[in-house]
Structures are given as structure tokens and as C-alpha cells.
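Written out below as C-alpha cells is the structure these notes cover.
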Amino acid sequence: MLTDISSHKDIEFLVNSFYAKAKIDPLLGHFFGPEMAIDWDTHLPIMCTFWDNALFHSGGYRGDMMGVHRQVHEHKTMHPSHFERWTTLFCQTVDELFEGETANRAKQQALNMAIMLQIKIPVV
């Protein structure tokens, strides 16, 4: 039986598990390749803080999610299929690791963010 997301440690497990898959995903992997020069030691804790804030309203995230994704889009064009795959992979990862109210909220938040990014960043 799976448990719900209930702590920052759970979020770290989710985020690390998701990005391990996203990095090698045939559709998404190129967004995380060496040419993108991602500092994973910095990026992963930021993503954990982002999700901690999104799910538990911790107030710790001070980044610019929209700006970062605009920069990525300028370097490598994002298409609706990328957002669909990201959402699917994220939700699958949640479902593999957790179940419960917060897990469901995480999946809904991911869907909402993907929709918002597509609206605010002109994707083709």
C-alpha cells in the first residue's frame, strides 16, 4: 500500500524519481541534455522547494518558473506534445510512488502548470 506525500523528503523522492525518467525520456530528454548545461546539484533542490511550496505552501520558492521556461523555449522550442508528455510522466511517477489527497493535488498542480505555461509561452 502506498502512502501520501507528506513531507519534504517525500517531495525529494518524487522530484528525483521524476527527473531520472525525464532525462532519458525519448521526447523530453533533449531538454535536459548536456547542451542545456543544467547544474543538477542546484536545479533539483530548487524543484523540491518549488513542489514543497506548491503542495504545502511553505513559501520557500523564490524562483521565476515562467522566465526559466521561456529561456528553455528560446533555446529549444517546446510543443504541446512536450507538455503532454511531461504531465503524463509526472503523474505516472506520482502514481508509482504515492497515493492520497496530496498526491492527487500534485497531479492536478502539474496539469495546471502545463496549461498555464502553454498559454503564457507561445508554443507551436
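Letters for chains follow the order of the C-alpha cells (A, B, ...), residue numbers begin at 1 for each chain, and ligand numbers begin at 1 in the order shown.
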Self-check item: Those of chain A in DSSP alpha helix (DSSP H), formatted as a ChimeraX atom specification
Solution: /A:8-24,40-56,65-75,80-97,101-120
Exercise. Go through A:Ala110, A:Leu55, A:Leu2, A:Leu14 and flag the residue nearest Thr88 in chain A, using only C-alpha atoms for the distances.
Key: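 Of A:Ala110, A:Leu55, A:Leu2, A:Leu14, the one nearest Thr88 in chain A is A:Ala110, counting only C-alpha atoms.
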Hey, what's within 10 Å of Thr49 in chain A if we count only C-alpha atoms and toss same-chain stuff fewer than 5 positions away? As a PDB file with N, CA and C atoms, in the first residue's frame, please?
```pdb
ATOM      1  N   HIS A   8       8.862  16.970   3.071  1.00  0.00           N
ATOM      2  CA  HIS A   8       9.847  17.424   2.086  1.00  0.00           C
ATOM      3  C   HIS A   8      10.655  16.230   1.567  1.00  0.00           C
ATOM      4  N   ILE A  11       8.813  14.704  -1.192  1.00  0.00           N
ATOM      5  CA  ILE A  11       8.936  15.533  -2.397  1.00  0.00           C
ATOM      6  C   ILE A  11      10.290  15.305  -3.057  1.00  0.00           C
ATOM      7  N   GLU A  12      11.346  15.217  -2.282  1.00  0.00           N
ATOM      8  CA  GLU A  12      12.667  14.921  -2.845  1.00  0.00           C
ATOM      9  C   GLU A  12      12.656  13.596  -3.590  1.00  0.00           C
ATOM     10  N   HIS A  43      19.664  22.598  -9.486  1.00  0.00           N
ATOM     11  CA  HIS A  43      18.308  22.507 -10.041  1.00  0.00           C
ATOM     12  C   HIS A  43      17.377  21.632  -9.199  1.00  0.00           C
ATOM     13  N   LEU A  44      17.833  20.458  -8.809  1.00  0.00           N
ATOM     14  CA  LEU A  44      16.947  19.540  -8.085  1.00  0.00           C
ATOM     15  C   LEU A  44      16.467  20.108  -6.750  1.00  0.00           C
ATOM     16  N   ALA A  54       4.307  24.445  -3.618  1.00  0.00           N
ATOM     17  CA  ALA A  54       3.067  24.180  -4.349  1.00  0.00           C
ATOM     18  C   ALA A  54       2.115  23.295  -3.552  1.00  0.00           C
ATOM     19  N   LEU A  55       2.659  22.333  -2.823  1.00  0.00           N
ATOM     20  CA  LEU A  55       1.801  21.374  -2.120  1.00  0.00           C
ATOM     21  C   LEU A  55       1.548  21.725  -0.660  1.00  0.00           C
ATOM     22  N   SER A  58       4.804  26.298   1.715  1.00  0.00           N
ATOM     23  CA  SER A  58       5.929  26.580   2.611  1.00  0.00           C
ATOM     24  C   SER A  58       6.502  27.977   2.419  1.00  0.00           C
ATOM     25  N   GLY A  59       6.275  28.563   1.226  1.00  0.00           N
ATOM     26  CA  GLY A  59       6.764  29.908   0.963  1.00  0.00           C
ATOM     27  C   GLY A  59       8.239  29.971   0.632  1.00  0.00           C
ATOM     28  N   GLY A  60       8.887  28.842   0.464  1.00  0.00           N
ATOM     29  CA  GLY A  60      10.325  28.836   0.246  1.00  0.00           C
ATOM     30  C   GLY A  60      10.774  29.110  -1.180  1.00  0.00           C
ATOM     31  N   TYR A  61       9.907  28.905  -2.150  1.00  0.00           N
ATOM     32  CA  TYR A  61      10.315  29.068  -3.542  1.00  0.00           C
ATOM     33  C   TYR A  61      10.323  30.536  -3.928  1.00  0.00           C
ATOM     34  N   ARG A  62      11.452  30.996  -4.474  1.00  0.00           N
ATOM     35  CA  ARG A  62      11.598  32.384  -4.883  1.00  0.00           C
ATOM     36  C   ARG A  62      12.052  32.505  -6.338  1.00  0.00           C
ATOM     37  N   GLY A  63      11.877  31.442  -7.100  1.00  0.00           N
ATOM     38  CA  GLY A  63      12.346  31.430  -8.477  1.00  0.00           C
ATOM     39  C   GLY A  63      11.370  32.075  -9.446  1.00  0.00           C
TER      40      GLY A  63
END
```
Quiz item: Can you list, as a list of chain:residue names, every protein, DNA or RNA residue that comes within 12 Å of Lys21 in chain A when you count only C-alpha atoms, leaving out same-chain residues fewer than 2 positions away?
Solution: A:Leu14, A:Val15, A:Asn16, A:Ser17, A:Phe18, A:Tyr19, A:Lys23, A:Ile24, A:Asp25, A:Pro26, A:Leu27, A:Leu28, A:Gly29, A:Phe32, A:Arg85, A:Trp86, A:Thr88, A:Leu89, A:Phe90, A:Gln92, A:Thr93
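Between CA of Arg105 in chain A and CA of Phe50 in chain A lies a distance of 14.1 Å.
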Practice problem: Would you work out the distance separating CA of Ala114 in chain A from CA of Thr87 in chain A, expressed in Å to one decimal? | Solution: 7.0 Å
